[in-house]
Amino acid sequence: MKKSTILLLVLVYVVAFFAIALFGHSIRGYNAVVEPESIELVDPDNQTNLKKDVKDPNTGEKLYDYYFVFENFKNTGKVRIKATVLPANTDYPNVVFTKDVQNISFNLLTHDTNPEVEENFCEITLNETLGSKKVLSAPFLVISTNPGVQIKIKACVTFVGA
């Protein structure tokens, strides 16, 4: 090859190199964050009847997203609730269970308060007997742990005496 051809090729390579550097895409890692979309609650022991989206019959206002009814409760035992964050490949698969601290009628145990409880599970036990009341409710919240927009689920377990 002639010198002029070699110089022309080198010039084209150099110009192409700078053009790609200026207008091309830079190499970067892409780690898409998969945000939680919803939370599902279930009773893994099948002790309760589940009702979803319970509304106030008078106002039509949504009271609870998940409402568990434990019928024929005998003042002993516990209800376990499992929370599953969807989609399954989310970067924030854990939840936090909370209750009103002034409500002392029931205990809400989680993995944070009792390491024997599995992650994303809670155990609800009553502090008082049903007695003449025959019905006692244990309302709580389930909140996703993602730092962005959090998902809050209102849930309740109602214990109905035998």
# chains A, B, ... in the order shown; residues from 1 in each chain; ligands from 1

$ closest_atom_pairs --of "region 105-141 of chain A" --to "region 63-84 of chain A" --cutoff "7 Å" --atoms "only C-alpha atoms" --output "tab-separated table"
residue	atom	partner	partner_atom	distance
A:Asn120	CA	A:Ala83	CA	5.4
A:Phe121	CA	A:Lys82	CA	4.5
A:Cys122	CA	A:Ile81	CA	5.4
A:Glu123	CA	A:Arg80	CA	4.5
A:Ile124	CA	A:Val79	CA	5.2
A:Thr125	CA	A:Lys78	CA	4.8
A:Thr129	CA	A:Asn75	CA	5.5
A:Leu130	CA	A:Asn75	CA	6.5

$ write_last_selection --atoms "N, CA and C atoms" --output "PDB file, in the first residue's frame"
ATOM      1  N   ASN A 120     -40.625 -11.839  57.602  1.00  0.00           N
ATOM      2  CA  ASN A 120     -41.882 -11.540  56.903  1.00  0.00           C
ATOM      3  C   ASN A 120     -43.079 -12.307  57.469  1.00  0.00           C
ATOM      4  N   PHE A 121     -42.978 -12.767  58.695  1.00  0.00           N
ATOM      5  CA  PHE A 121     -44.092 -13.384  59.418  1.00  0.00           C
ATOM      6  C   PHE A 121     -44.365 -12.556  60.666  1.00  0.00           C
ATOM      7  N   CYS A 122     -45.587 -12.617  61.140  1.00  0.00           N
ATOM      8  CA  CYS A 122     -45.898 -12.073  62.462  1.00  0.00           C
ATOM      9  C   CYS A 122     -46.765 -13.079  63.194  1.00  0.00           C
ATOM     10  N   GLU A 123     -46.683 -13.045  64.509  1.00  0.00           N
ATOM     11  CA  GLU A 123     -47.500 -13.896  65.357  1.00  0.00           C
ATOM     12  C   GLU A 123     -48.336 -13.006  66.255  1.00  0.00           C
ATOM     13  N   ILE A 124     -49.640 -13.240  66.262  1.00  0.00           N
ATOM     14  CA  ILE A 124     -50.549 -12.436  67.065  1.00  0.00           C
ATOM     15  C   ILE A 124     -51.145 -13.322  68.151  1.00  0.00           C
ATOM     16  N   THR A 125     -50.975 -12.882  69.398  1.00  0.00           N
ATOM     17  CA  THR A 125     -51.562 -13.573  70.544  1.00  0.00           C
ATOM     18  C   THR A 125     -52.327 -12.549  71.370  1.00  0.00           C
ATOM     19  N   THR A 129     -58.440 -12.516  77.943  1.00  0.00           N
ATOM     20  CA  THR A 129     -59.378 -13.550  77.513  1.00  0.00           C
ATOM     21  C   THR A 129     -60.601 -12.882  76.897  1.00  0.00           C
ATOM     22  N   LEU A 130     -61.262 -13.611  76.037  1.00  0.00           N
ATOM     23  CA  LEU A 130     -62.436 -13.058  75.381  1.00  0.00           C
ATOM     24  C   LEU A 130     -63.567 -12.828  76.365  1.00  0.00           C
TER      25      LEU A 130
END

$ residues_around --residues "Phe97 (chain A)" --least-positions-apart "4" --cutoff "9 Å" --atoms "only C-alpha atoms" --output "list in words"
Leu108, Leu109, Thr110, Asn120, Phe121, Cys122, Phe140, Leu141, Val142 and Ile143 of chain A

$ write_last_selection --atoms "C-alpha atoms" --output "short mmCIF file (atom, residue, chain, number, x, y, z; two decimals), in the first residue's frame"
data_model
loop_
_atom_site.label_atom_id
_atom_site.label_comp_id
_atom_site.auth_asym_id
_atom_site.auth_seq_id
_atom_site.Cartn_x
_atom_site.Cartn_y
_atom_site.Cartn_z
CA LEU A 108 -47.62 -8.63 67.73
CA LEU A 109 -44.37 -10.58 67.51
CA THR A 110 -42.09 -10.20 64.49
CA ASN A 120 -41.88 -11.54 56.90
CA PHE A 121 -44.09 -13.38 59.42
CA CYS A 122 -45.90 -12.07 62.46
CA PHE A 140 -52.11 -3.77 62.49
CA LEU A 141 -50.22 -2.29 59.52
CA VAL A 142 -47.85 -3.97 57.09
CA ILE A 143 -45.36 -1.56 55.46
#

$ closest_residue --among "A:Glu37, A:Asp45, A:Gln102, A:Ala88" --to "Val149 (chain A)" --atoms "only C-alpha atoms"
A:Glu37

$ select_by_dssp --residues "chain A" --states "strand (DSSP E or B)" --output "PyMOL selection string"
chain A and resi 38-42+49-55+62-73+79-86+95-98+106-110+121-126+135-144+152-161

$ write_last_selection --atoms "C-alpha atoms" --output "compact mmCIF listing (two decimals), in the first residue's frame"
# COMPACT_ATOMS: atom_id res chain seq x y z
CA SER A 38 -47.98 -4.94 46.20
CA ILE A 39 -48.04 -6.95 49.40
CA GLU A 40 -50.11 -10.09 49.88
CA LEU A 41 -51.04 -11.48 53.29
CA VAL A 42 -51.97 -15.09 54.01
CA ASN A 49 -61.28 -17.01 57.15
CA LEU A 50 -59.86 -14.28 54.93
CA LYS A 51 -61.85 -11.33 53.60
CA LYS A 52 -60.27 -8.73 51.33
CA ASP A 53 -61.14 -5.05 50.95
CA VAL A 54 -63.58 -4.78 53.87
CA LYS A 55 -65.63 -1.58 53.67
CA LYS A 62 -62.32 0.98 53.05
CA LEU A 63 -61.56 -0.19 56.58
CA TYR A 64 -59.10 -3.03 55.95
CA ASP A 65 -57.23 -4.45 52.99
CA TYR A 66 -57.06 -7.87 54.67
CA TYR A 67 -59.45 -9.05 57.38
CA PHE A 68 -58.85 -12.41 59.07
CA VAL A 69 -61.58 -13.99 61.24
CA PHE A 70 -60.54 -16.68 63.73
CA GLU A 71 -63.78 -18.41 64.70
CA ASN A 72 -64.25 -20.66 67.75
CA PHE A 73 -61.18 -19.22 69.47
CA VAL A 79 -52.35 -16.63 64.56
CA ARG A 80 -49.44 -16.45 62.14
CA ILE A 81 -49.64 -14.08 59.19
CA LYS A 82 -47.21 -14.23 56.28
CA ALA A 83 -46.51 -11.22 54.07
CA THR A 84 -45.24 -11.66 50.52
CA VAL A 85 -43.91 -8.67 48.59
CA LEU A 86 -44.60 -8.76 44.85
CA VAL A 95 -41.89 -5.80 55.37
CA VAL A 96 -42.41 -4.24 58.78
CA PHE A 97 -45.42 -5.11 60.95
CA THR A 98 -46.63 -2.36 63.28
CA PHE A 106 -52.82 -8.27 71.87
CA ASN A 107 -49.13 -8.96 71.19
CA LEU A 108 -47.62 -8.63 67.73
CA LEU A 109 -44.37 -10.58 67.51
CA THR A 110 -42.09 -10.20 64.49
CA PHE A 121 -44.09 -13.38 59.42
CA CYS A 122 -45.90 -12.07 62.46
CA GLU A 123 -47.50 -13.90 65.36
CA ILE A 124 -50.55 -12.44 67.07
CA THR A 125 -51.56 -13.57 70.54
CA LEU A 126 -54.17 -12.12 72.87
CA VAL A 135 -65.05 -10.81 69.99
CA LEU A 136 -61.68 -9.07 70.04
CA SER A 137 -59.94 -7.41 67.11
CA ALA A 138 -56.22 -6.95 66.55
CA PRO A 139 -55.61 -4.27 63.89
CA PHE A 140 -52.11 -3.77 62.49
CA LEU A 141 -50.22 -2.29 59.52
CA VAL A 142 -47.85 -3.97 57.09
CA ILE A 143 -45.36 -1.56 55.46
CA SER A 144 -42.82 -2.27 52.71
CA LYS A 152 -49.06 0.30 53.48
CA ILE A 153 -51.58 -2.46 54.05
CA LYS A 154 -54.23 -2.24 56.78
CA ALA A 155 -55.01 -5.63 58.25
CA CYS A 156 -56.95 -7.00 61.20
CA VAL A 157 -57.37 -10.34 62.91
CA THR A 158 -60.67 -10.76 64.73
CA PHE A 159 -60.94 -13.47 67.36
CA VAL A 160 -64.47 -14.83 67.84
CA GLY A 161 -65.08 -16.95 70.93

$ closest_residue --among "A:Asn94, A:Leu7, A:Asp43, A:Lys134" --to "Glu119 (chain A)" --atoms "only C-alpha atoms"
A:Asn94

$ atom_distance --atom1 "CA of Asp91 (chain A)" --atom2 "CA of Gln150 (chain A)"
13.1 Å

$ atom_distance --atom1 "CA of Ile104 (chain A)" --atom2 "CA of Asn127 (chain A)"
7.1 Å

$ select_by_dssp --residues "region 4-155 of chain A" --states "alpha helix (DSSP H)" --output "PyMOL selection string"
chain A and resi 4-23
